[in-house]
file target-v9.pdb (PDB, C-alpha atoms)
MODEL        1
ATOM      1  CA  MET A 173     -25.326  11.427  14.689  1.00  0.00           C
ATOM      2  CA  THR A 174     -26.705   8.208  16.201  1.00  0.00           C
ATOM      3  CA  LEU A 175     -26.183   6.238  12.977  1.00  0.00           C
ATOM      4  CA  GLN A 176     -22.645   7.626  12.588  1.00  0.00           C
ATOM      5  CA  LEU A 177     -21.830   6.678  16.162  1.00  0.00           C
ATOM      6  CA  ALA A 178     -23.283   3.176  15.714  1.00  0.00           C
ATOM      7  CA  VAL A 179     -21.259   2.603  12.517  1.00  0.00           C
ATOM      8  CA  ALA A 180     -18.039   3.892  14.073  1.00  0.00           C
ATOM      9  CA  ILE A 181     -18.441   1.773  17.203  1.00  0.00           C
ATOM     10  CA  ALA A 182     -19.369  -1.312  15.161  1.00  0.00           C
ATOM     11  CA  PHE A 183     -16.214  -1.009  13.034  1.00  0.00           C
ATOM     12  CA  HIS A 184     -14.186  -0.316  16.162  1.00  0.00           C
ATOM     13  CA  GLN A 185     -15.461  -3.446  17.877  1.00  0.00           C
ATOM     14  CA  LEU A 186     -14.929  -5.635  14.817  1.00  0.00           C
ATOM     15  CA  ALA A 187     -11.324  -4.473  14.507  1.00  0.00           C
ATOM     16  CA  THR A 188     -10.796  -5.086  18.234  1.00  0.00           C
ATOM     17  CA  VAL A 189     -12.135  -8.634  17.957  1.00  0.00           C
ATOM     18  CA  ILE A 190      -9.874  -9.370  14.985  1.00  0.00           C
ATOM     19  CA  TRP A 191      -6.685  -8.071  16.641  1.00  0.00           C
ATOM     20  CA  VAL A 192      -7.186  -9.109  20.265  1.00  0.00           C
ATOM     21  CA  GLY A 193      -8.911 -12.383  19.398  1.00  0.00           C
ATOM     22  CA  GLY A 194      -6.147 -13.233  16.964  1.00  0.00           C
ATOM     23  CA  MET A 195      -3.506 -12.614  19.608  1.00  0.00           C
ATOM     24  CA  PHE A 196      -5.383 -14.776  22.110  1.00  0.00           C
ATOM     25  CA  PHE A 197      -5.669 -17.595  19.578  1.00  0.00           C
ATOM     26  CA  ALA A 198      -2.033 -17.295  18.494  1.00  0.00           C
ATOM     27  CA  HIS A 199      -0.695 -17.332  22.035  1.00  0.00           C
ATOM     28  CA  PHE A 200      -2.912 -19.826  23.822  1.00  0.00           C
ATOM     29  CA  ALA A 201      -3.930 -22.238  21.030  1.00  0.00           C
ATOM     30  CA  LEU A 202      -1.689 -22.134  17.989  1.00  0.00           C
ATOM     31  CA  ARG A 203       1.674 -21.625  19.679  1.00  0.00           C
ATOM     32  CA  ARG A 204       1.131 -24.278  22.324  1.00  0.00           C
ATOM     33  CA  SER A 205      -0.226 -26.805  19.840  1.00  0.00           C
ATOM     34  CA  ALA A 206       2.549 -26.204  17.317  1.00  0.00           C
ATOM     35  CA  GLN A 207       5.216 -26.358  20.022  1.00  0.00           C
ATOM     36  CA  SER A 208       3.987 -29.664  21.377  1.00  0.00           C
ATOM     37  CA  GLN A 209       3.403 -31.313  17.985  1.00  0.00           C
ATOM     38  CA  LEU A 210       6.073 -30.001  15.597  1.00  0.00           C
ATOM     39  CA  ASP A 211       9.848 -29.794  15.501  1.00  0.00           C
ATOM     40  CA  PRO A 212      11.450 -26.430  14.629  1.00  0.00           C
ATOM     41  CA  PRO A 213      11.861 -27.171  10.878  1.00  0.00           C
ATOM     42  CA  GLN A 214       8.082 -27.648  10.621  1.00  0.00           C
ATOM     43  CA  ARG A 215       6.917 -25.305  13.389  1.00  0.00           C
ATOM     44  CA  LEU A 216       8.845 -22.156  12.510  1.00  0.00           C
ATOM     45  CA  PRO A 217       7.807 -21.960   8.819  1.00  0.00           C
ATOM     46  CA  LEU A 218       4.213 -22.626   9.916  1.00  0.00           C
ATOM     47  CA  LEU A 219       4.310 -19.819  12.469  1.00  0.00           C
ATOM     48  CA  LEU A 220       5.864 -17.483   9.898  1.00  0.00           C
ATOM     49  CA  ALA A 221       3.092 -18.327   7.414  1.00  0.00           C
ATOM     50  CA  VAL A 222       0.469 -17.645  10.084  1.00  0.00           C
ATOM     51  CA  PHE A 223       2.126 -14.322  10.985  1.00  0.00           C
ATOM     52  CA  ASP A 224       2.330 -13.415   7.276  1.00  0.00           C
ATOM     53  CA  ARG A 225      -1.443 -13.663   7.020  1.00  0.00           C
ATOM     54  CA  PHE A 226      -2.432 -12.431  10.473  1.00  0.00           C
ATOM     55  CA  PHE A 227      -0.228  -9.340  10.445  1.00  0.00           C
ATOM     56  CA  VAL A 228      -1.959  -8.046   7.299  1.00  0.00           C
ATOM     57  CA  TRP A 229      -5.205  -8.170   9.275  1.00  0.00           C
ATOM     58  CA  VAL A 230      -3.554  -6.488  12.256  1.00  0.00           C
ATOM     59  CA  TRP A 231      -2.496  -3.557  10.050  1.00  0.00           C
ATOM     60  CA  VAL A 232      -6.059  -3.295   8.723  1.00  0.00           C
ATOM     61  CA  ALA A 233      -7.403  -3.480  12.293  1.00  0.00           C
ATOM     62  CA  ILE A 234      -4.998  -0.752  13.445  1.00  0.00           C
ATOM     63  CA  VAL A 235      -6.134   1.583  10.657  1.00  0.00           C
ATOM     64  CA  VAL A 236      -9.803   0.859  11.389  1.00  0.00           C
ATOM     65  CA  LEU A 237      -9.317   1.248  15.153  1.00  0.00           C
ATOM     66  CA  TRP A 238      -7.557   4.590  14.867  1.00  0.00           C
ATOM     67  CA  ALA A 239      -9.938   5.909  12.196  1.00  0.00           C
ATOM     68  CA  SER A 240     -13.092   4.843  14.018  1.00  0.00           C
ATOM     69  CA  GLY A 241     -11.749   5.849  17.432  1.00  0.00           C
ATOM     70  CA  LEU A 242     -10.755   9.310  16.248  1.00  0.00           C
ATOM     71  CA  TRP A 243     -14.042   9.611  14.357  1.00  0.00           C
ATOM     72  CA  VAL A 244     -15.952   9.093  17.594  1.00  0.00           C
ATOM     73  CA  PHE A 245     -13.523  11.063  19.765  1.00  0.00           C
ATOM     74  CA  VAL A 246     -13.118  14.148  17.577  1.00  0.00           C
ATOM     75  CA  GLY A 247     -15.780  14.000  14.898  1.00  0.00           C
ATOM     76  CA  ILE A 248     -18.754  13.157  17.054  1.00  0.00           C
ATOM     77  CA  TYR A 249     -17.823  14.309  20.547  1.00  0.00           C
ATOM     78  CA  GLY A 250     -15.285  17.019  19.731  1.00  0.00           C
ATOM     79  CA  GLY A 251     -12.589  15.515  21.968  1.00  0.00           C
ATOM     80  CA  GLY A 252     -14.576  15.821  25.178  1.00  0.00           C
ATOM     81  CA  MET A 253     -14.843  12.308  26.531  1.00  0.00           C
ATOM     82  CA  ALA A 254     -14.429  10.507  29.835  1.00  0.00           C
ATOM     83  CA  TRP A 255     -11.130   9.383  31.383  1.00  0.00           C
ATOM     84  CA  HIS A 256     -11.501   5.800  30.179  1.00  0.00           C
ATOM     85  CA  VAL A 257     -11.529   6.904  26.532  1.00  0.00           C
ATOM     86  CA  HIS A 258      -8.301   8.844  27.040  1.00  0.00           C
ATOM     87  CA  ALA A 259      -6.818   5.777  28.756  1.00  0.00           C
ATOM     88  CA  MET A 260      -7.914   3.600  25.833  1.00  0.00           C
ATOM     89  CA  MET A 261      -6.181   5.948  23.405  1.00  0.00           C
ATOM     90  CA  GLY A 262      -2.962   5.821  25.439  1.00  0.00           C
ATOM     91  CA  LEU A 263      -3.067   2.034  25.521  1.00  0.00           C
ATOM     92  CA  ALA A 264      -3.819   1.963  21.785  1.00  0.00           C
ATOM     93  CA  LEU A 265      -0.771   4.126  21.145  1.00  0.00           C
ATOM     94  CA  ALA A 266       1.408   1.735  23.163  1.00  0.00           C
ATOM     95  CA  MET A 267      -0.077  -1.300  21.377  1.00  0.00           C
ATOM     96  CA  THR A 268       0.453   0.270  17.966  1.00  0.00           C
ATOM     97  CA  GLY A 269       4.067   1.092  18.818  1.00  0.00           C
ATOM     98  CA  LEU A 270       4.737  -2.407  20.113  1.00  0.00           C
ATOM     99  CA  PHE A 271       3.200  -3.984  17.023  1.00  0.00           C
ATOM    100  CA  ALA A 272       5.168  -1.711  14.691  1.00  0.00           C
ATOM    101  CA  TYR A 273       8.375  -2.745  16.482  1.00  0.00           C
ATOM    102  CA  LEU A 274       7.347  -6.426  16.352  1.00  0.00           C
ATOM    103  CA  TYR A 275       6.606  -6.168  12.632  1.00  0.00           C
ATOM    104  CA  PHE A 276       9.644  -4.203  11.521  1.00  0.00           C
ATOM    105  CA  VAL A 277      12.292  -5.837  13.711  1.00  0.00           C
ATOM    106  CA  PRO A 278      11.811  -9.417  15.025  1.00  0.00           C
ATOM    107  CA  TYR A 279       9.228 -10.489  12.419  1.00  0.00           C
ATOM    108  CA  ARG A 280      11.326  -9.265   9.489  1.00  0.00           C
ATOM    109  CA  ARG A 281      14.367 -10.989  10.975  1.00  0.00           C
ATOM    110  CA  LEU A 282      12.322 -14.161  11.480  1.00  0.00           C
ATOM    111  CA  SER A 283      11.495 -14.222   7.759  1.00  0.00           C
ATOM    112  CA  LYS A 284      15.188 -14.053   6.874  1.00  0.00           C
ATOM    113  CA  LEU A 285      16.184 -16.703   9.410  1.00  0.00           C
ATOM    114  CA  VAL A 286      13.495 -19.147   8.286  1.00  0.00           C
ATOM    115  CA  ALA A 287      14.580 -18.636   4.657  1.00  0.00           C
ATOM    116  CA  VAL A 288      18.132 -19.772   5.515  1.00  0.00           C
ATOM    117  CA  LYS A 289      16.879 -22.473   7.904  1.00  0.00           C
ATOM    118  CA  ASP A 290      18.552 -20.953  10.964  1.00  0.00           C
ATOM    119  CA  TRP A 291      16.202 -22.688  13.421  1.00  0.00           C
ATOM    120  CA  PRO A 292      17.863 -21.532  16.667  1.00  0.00           C
ATOM    121  CA  GLY A 293      17.889 -17.896  15.507  1.00  0.00           C
ATOM    122  CA  ALA A 294      14.326 -18.151  14.202  1.00  0.00           C
ATOM    123  CA  GLY A 295      13.249 -19.706  17.503  1.00  0.00           C
ATOM    124  CA  GLU A 296      14.709 -16.730  19.378  1.00  0.00           C
ATOM    125  CA  ARG A 297      12.741 -14.323  17.153  1.00  0.00           C
ATOM    126  CA  VAL A 298       9.533 -16.289  17.722  1.00  0.00           C
ATOM    127  CA  ALA A 299      10.155 -16.070  21.480  1.00  0.00           C
ATOM    128  CA  THR A 300      10.529 -12.281  21.169  1.00  0.00           C
ATOM    129  CA  ILE A 301       7.374 -12.058  19.064  1.00  0.00           C
ATOM    130  CA  ARG A 302       5.529 -14.219  21.596  1.00  0.00           C
ATOM    131  CA  ARG A 303       6.497 -11.897  24.463  1.00  0.00           C
ATOM    132  CA  ILE A 304       5.385  -8.808  22.554  1.00  0.00           C
ATOM    133  CA  ILE A 305       2.120 -10.476  21.571  1.00  0.00           C
ATOM    134  CA  LEU A 306       1.522 -11.419  25.212  1.00  0.00           C
ATOM    135  CA  ILE A 307       2.117  -7.817  26.331  1.00  0.00           C
ATOM    136  CA  ASN A 308      -0.141  -6.497  23.578  1.00  0.00           C
ATOM    137  CA  LEU A 309      -2.767  -9.088  24.454  1.00  0.00           C
ATOM    138  CA  ALA A 310      -2.794  -7.909  28.074  1.00  0.00           C
ATOM    139  CA  LEU A 311      -3.011  -4.268  26.964  1.00  0.00           C
ATOM    140  CA  GLY A 312      -5.744  -5.170  24.473  1.00  0.00           C
ATOM    141  CA  LEU A 313      -7.810  -6.964  27.101  1.00  0.00           C
ATOM    142  CA  VAL A 314      -7.509  -4.001  29.474  1.00  0.00           C
ATOM    143  CA  THR A 315      -8.508  -1.686  26.635  1.00  0.00           C
ATOM    144  CA  ALA A 316     -11.518  -3.879  25.806  1.00  0.00           C
ATOM    145  CA  VAL A 317     -12.601  -3.812  29.459  1.00  0.00           C
ATOM    146  CA  LEU A 318     -12.307  -0.020  29.484  1.00  0.00           C
ATOM    147  CA  GLY A 319     -14.287   0.171  26.241  1.00  0.00           C
ATOM    148  CA  SER A 320     -17.116  -1.953  27.540  1.00  0.00           C
ATOM    149  CA  ALA A 321     -17.200  -1.100  31.256  1.00  0.00           C
ATOM    150  CA  GLY A 322     -15.178   2.104  31.608  1.00  0.00           C
ATOM    151  CA  ARG A 323     -18.186   4.421  31.696  1.00  0.00           C
ATOM    152  CA  TYR A 324     -19.435   2.522  34.753  1.00  0.00           C
ATOM    153  CA  MET A 325     -16.103   2.672  36.600  1.00  0.00           C
ATOM    154  CA  GLY A 326     -16.481   6.214  37.873  1.00  0.00           C
TER     155      GLY A 326
ENDMDL
END

call {"tool": "encode", "arguments": {"input": "target-v9.pdb", "output": "structure tokens"}}
result
Amino acid sequence: MTLQLAVAIAFHQLATVIWVGGMFFAHFALRRSAQSQLDPPQRLPLLLAVFDRFFVWVWVAIVVLWASGLWVFVGIYGGGMAWHVHAMMGLALAMTGLFAYLYFVPYRRLSKLVAVKDWPGAGERVATIRRIILINLALGLVTAVLGSAGRYMG
């Protein structure tokens, strides 16, 4: 059981780093740099290309997070875990729902708007995506804190 737990937690942490770290980078480094250096006709296709690649990894991370989290929660501990694990699962559900909405609504619309060079419309979709990423980043950071320190929080 110790090796199974170690493998599950390792995959869980790697997926967390990919998703949360990617959101941090996208929001605080890429977006700000692109906004200050590029006009919409250059910036918006670049951001779309970045999202095209990053969102594939987010879907992989979501699958790995849910599979590894449920593996630990149900398969190893039989569902009996501390409050912070239940809180992490609730936050993960919210994050997954927000990302699914982001992917299937504003991101898909962004692709269409960039294709027809509707820069104002595409800019509005990027602003929506940015807000959702910021919310998910905050939720992801709280979840990471719970995952690392929750057992010591009472």

call {"tool": "residues_around", "arguments": {"input": "target-v9.pdb", "residues": "region 200-210 of chain A", "least_positions_apart": "4", "cutoff": "12 Å", "atoms": "all atoms listed in the file", "output": "JSON, numbers by chain"}}
result
{"A": [193, 194, 195, 196, 214, 215, 216, 217, 218, 219, 220, 222, 223, 295, 298, 299, 301, 302, 303, 305, 306, 309]}

call {"tool": "write_last_selection", "arguments": {"input": "target-v9.pdb", "atoms": "C-alpha atoms", "output": "short mmCIF file (atom, residue, chain, number, x, y, z; two decimals), keeping the file's coordinate frame"}}
result
data_model
loop_
_atom_site.label_atom_id
_atom_site.label_comp_id
_atom_site.auth_asym_id
_atom_site.auth_seq_id
_atom_site.Cartn_x
_atom_site.Cartn_y
_atom_site.Cartn_z
CA GLY A 193 -8.91 -12.38 19.40
CA GLY A 194 -6.15 -13.23 16.96
CA MET A 195 -3.51 -12.61 19.61
CA PHE A 196 -5.38 -14.78 22.11
CA GLN A 214 8.08 -27.65 10.62
CA ARG A 215 6.92 -25.30 13.39
CA LEU A 216 8.85 -22.16 12.51
CA PRO A 217 7.81 -21.96 8.82
CA LEU A 218 4.21 -22.63 9.92
CA LEU A 219 4.31 -19.82 12.47
CA LEU A 220 5.86 -17.48 9.90
CA VAL A 222 0.47 -17.64 10.08
CA PHE A 223 2.13 -14.32 10.98
CA GLY A 295 13.25 -19.71 17.50
CA VAL A 298 9.53 -16.29 17.72
CA ALA A 299 10.15 -16.07 21.48
CA ILE A 301 7.37 -12.06 19.06
CA ARG A 302 5.53 -14.22 21.60
CA ARG A 303 6.50 -11.90 24.46
CA ILE A 305 2.12 -10.48 21.57
CA LEU A 306 1.52 -11.42 25.21
CA LEU A 309 -2.77 -9.09 24.45
#

call {"tool": "resolve_selection", "arguments": {"input": "target-v9.pdb", "expression": "the PyMOL selection byres ((chain A and resi 187) around 8)", "output": "PyMOL selection string"}}
result
chain A and resi 183-186+188-191+232-234+236-237

call {"tool": "write_last_selection", "arguments": {"input": "target-v9.pdb", "atoms": "C-alpha atoms", "output": "PDB file, in the coordinates of the input"}}
result
ATOM      1  CA  PHE A 183     -16.214  -1.009  13.034  1.00  0.00           C
ATOM      2  CA  HIS A 184     -14.186  -0.316  16.162  1.00  0.00           C
ATOM      3  CA  GLN A 185     -15.461  -3.446  17.877  1.00  0.00           C
ATOM      4  CA  LEU A 186     -14.929  -5.635  14.817  1.00  0.00           C
ATOM      5  CA  THR A 188     -10.796  -5.086  18.234  1.00  0.00           C
ATOM      6  CA  VAL A 189     -12.135  -8.634  17.957  1.00  0.00           C
ATOM      7  CA  ILE A 190      -9.874  -9.370  14.985  1.00  0.00           C
ATOM      8  CA  TRP A 191      -6.685  -8.071  16.641  1.00  0.00           C
ATOM      9  CA  VAL A 232      -6.059  -3.295   8.723  1.00  0.00           C
ATOM     10  CA  ALA A 233      -7.403  -3.480  12.293  1.00  0.00           C
ATOM     11  CA  ILE A 234      -4.998  -0.752  13.445  1.00  0.00           C
ATOM     12  CA  VAL A 236      -9.803   0.859  11.389  1.00  0.00           C
ATOM     13  CA  LEU A 237      -9.317   1.248  15.153  1.00  0.00           C
TER      14      LEU A 237
END

call {"tool": "resolve_selection", "arguments": {"input": "target-v9.pdb", "expression": "the PyMOL selection byres ((chain A and resi 272) around 12)", "output": "PyMOL selection string"}}
result
chain A and resi 227+230-231+234+265-271+273-280+301+304-305+308

call {"tool": "resolve_selection", "arguments": {"input": "target-v9.pdb", "expression": "the PyMOL selection byres ((chain A and resi 317) around 12)", "output": "list in words"}}
result
Gln185, Thr188, Val192, His256, Val257, Ala259, Met260, Leu263, Ala310, Leu311, Gly312, Leu313, Val314, Thr315, Ala316, Leu318, Gly319, Ser320, Ala321, Gly322, Arg323, Tyr324 and Met325 of chain A

call {"tool": "atom_distance", "arguments": {"input": "target-v9.pdb", "atom1": "CA of His258 (chain A)", "atom2": "CA of Leu175 (chain A)"}}
result
22.9 Å
